[in-house]
Amino acid sequence: MCSCNVCSIYDDELKKMIINNLTFKALLKTKGRKTGKEHTVWAKAVTYNDMIYFSRRNPNSDWLKNAIAHPQVKVEFDGRRFSGIARLVEEEDLSQKISSLKYTEKSRQKEARVVLEIKLIEND
């Protein structure tokens, strides 16, 4: 049985999803860097190495800027809510791996992406 951070807060069905590196749609909730208000966006997420990842082709999205400014975020999927800590991925090989998991088209897998890593810390 896996003892990683993510799996320790999930039930068996969600553990399978995390372990299998699936992509899925999730709500990412961030705190506005200017207003301080909560902002929510639907985005495609990827699970890998006991973390959840969101990515963009460029850094010009509010959700990404908000998560960098205020790393405490919330993630919702499959009717469940989790708190987490976000960090910008600086490792190029990890960014490439996330792209290869997120996309099936070879051309999209090779695109340079800005990747946000979420370490889930508790079940809300």
# chains A, B, ... in the order shown; residues from 1 in each chain; ligands from 1
>>> select_by_dssp(residues="chain A", states="strand (DSSP E or B)", output="PyMOL selection string")
chain A and resi 23-31+38-48+51-56+72-77+80-88+114-123
>>> residues_around(residues="range 33-37 of chain A", least_positions_apart="4", cutoff="9 Å", atoms="only C-alpha atoms", output="PyMOL selection string")
chain A and resi 62+65-70
>>> residues_around(residues="range 105-122 of chain A", least_positions_apart="2", cutoff="10 Å", atoms="only C-alpha atoms", output="PDB file with C-alpha atoms, in the first residue's frame")
ATOM      1  CA  ASN A   5       1.187  12.296   1.071  1.00  0.00           C
ATOM      2  CA  VAL A   6      -1.586  12.303  -1.537  1.00  0.00           C
ATOM      3  CA  CYS A   7      -2.677   8.705  -1.062  1.00  0.00           C
ATOM      4  CA  SER A   8      -2.857   9.057   2.712  1.00  0.00           C
ATOM      5  CA  ILE A   9      -5.860  11.409   2.363  1.00  0.00           C
ATOM      6  CA  TYR A  10      -7.700   9.524  -0.382  1.00  0.00           C
ATOM      7  CA  LEU A  28      -8.440  25.270  -8.756  1.00  0.00           C
ATOM      8  CA  ALA A  45      -4.923  18.531 -14.046  1.00  0.00           C
ATOM      9  CA  VAL A  46      -2.350  15.742 -14.007  1.00  0.00           C
ATOM     10  CA  THR A  47      -1.339  13.463 -11.149  1.00  0.00           C
ATOM     11  CA  TYR A  48       2.294  12.432 -10.907  1.00  0.00           C
ATOM     12  CA  ASP A  50       2.076  12.039  -5.390  1.00  0.00           C
ATOM     13  CA  MET A  51       1.371  15.621  -6.546  1.00  0.00           C
ATOM     14  CA  ILE A  52      -1.230  17.352  -8.705  1.00  0.00           C
ATOM     15  CA  TYR A  53      -0.089  19.566 -11.580  1.00  0.00           C
ATOM     16  CA  PHE A  54      -1.686  22.322 -13.652  1.00  0.00           C
ATOM     17  CA  SER A  55       0.077  23.879 -16.631  1.00  0.00           C
ATOM     18  CA  ARG A  56      -0.098  26.667 -19.202  1.00  0.00           C
ATOM     19  CA  ARG A  57       1.758  27.551 -22.372  1.00  0.00           C
ATOM     20  CA  ASN A  58       2.561  30.989 -20.955  1.00  0.00           C
ATOM     21  CA  PRO A  59       2.626  32.690 -17.548  1.00  0.00           C
ATOM     22  CA  ASN A  60      -0.120  35.196 -18.421  1.00  0.00           C
ATOM     23  CA  LEU A  64      -1.135  31.053 -12.145  1.00  0.00           C
ATOM     24  CA  ALA A  67      -1.058  30.817  -6.964  1.00  0.00           C
ATOM     25  CA  ILE A  68       2.513  32.094  -7.154  1.00  0.00           C
ATOM     26  CA  PRO A  71       0.601  29.488  -2.596  1.00  0.00           C
ATOM     27  CA  GLN A  72      -2.190  28.236  -0.322  1.00  0.00           C
ATOM     28  CA  VAL A  73      -4.762  26.910  -2.810  1.00  0.00           C
ATOM     29  CA  LYS A  74      -7.738  24.575  -2.917  1.00  0.00           C
ATOM     30  CA  VAL A  75      -8.421  21.826  -5.432  1.00  0.00           C
ATOM     31  CA  ARG A  81     -12.244  19.391  -1.665  1.00  0.00           C
ATOM     32  CA  PHE A  82      -8.590  19.566  -0.697  1.00  0.00           C
ATOM     33  CA  SER A  83      -6.225  22.254   0.545  1.00  0.00           C
ATOM     34  CA  GLY A  84      -2.754  22.423  -0.895  1.00  0.00           C
ATOM     35  CA  ILE A  85       0.461  24.362  -1.295  1.00  0.00           C
ATOM     36  CA  ALA A  86       1.469  25.471  -4.796  1.00  0.00           C
ATOM     37  CA  ARG A  87       4.924  25.988  -6.233  1.00  0.00           C
ATOM     38  CA  LEU A  88       6.172  26.870  -9.685  1.00  0.00           C
ATOM     39  CA  VAL A  89       8.064  23.961 -11.222  1.00  0.00           C
ATOM     40  CA  GLU A  90      11.535  25.038 -12.321  1.00  0.00           C
ATOM     41  CA  GLU A  91      12.850  21.604 -13.323  1.00  0.00           C
ATOM     42  CA  GLU A  92      12.633  21.303 -17.105  1.00  0.00           C
ATOM     43  CA  LEU A  94       9.533  17.524 -14.714  1.00  0.00           C
ATOM     44  CA  SER A  95       7.714  20.122 -16.825  1.00  0.00           C
ATOM     45  CA  GLN A  96       8.274  17.943 -19.884  1.00  0.00           C
ATOM     46  CA  LYS A  97       6.983  14.862 -18.062  1.00  0.00           C
ATOM     47  CA  ILE A  98       3.780  16.682 -17.080  1.00  0.00           C
ATOM     48  CA  SER A  99       3.209  17.751 -20.690  1.00  0.00           C
ATOM     49  CA  SER A 100       3.690  14.179 -21.880  1.00  0.00           C
ATOM     50  CA  LEU A 101       1.100  12.951 -19.364  1.00  0.00           C
ATOM     51  CA  LYS A 102      -1.360  15.766 -20.027  1.00  0.00           C
ATOM     52  CA  TYR A 103      -1.481  15.528 -23.823  1.00  0.00           C
ATOM     53  CA  ASP A 124     -11.452  19.992   3.518  1.00  0.00           C
TER      54      ASP A 124
END
>>> atom_distance(atom1="CA of Phe77 in chain A", atom2="CA of His39 in chain A")
15.9 Å
>>> residues_around(residues="Ala43 in chain A", least_positions_apart="2", cutoff="7 Å", atoms="only C-alpha atoms", output="list of chain:residue names")
A:Lys25, A:Ala26, A:Leu27, A:Val41, A:Ala45
>>> atom_distance(atom1="CA of Asp78 in chain A", atom2="CA of Gly32 in chain A")
24.5 Å
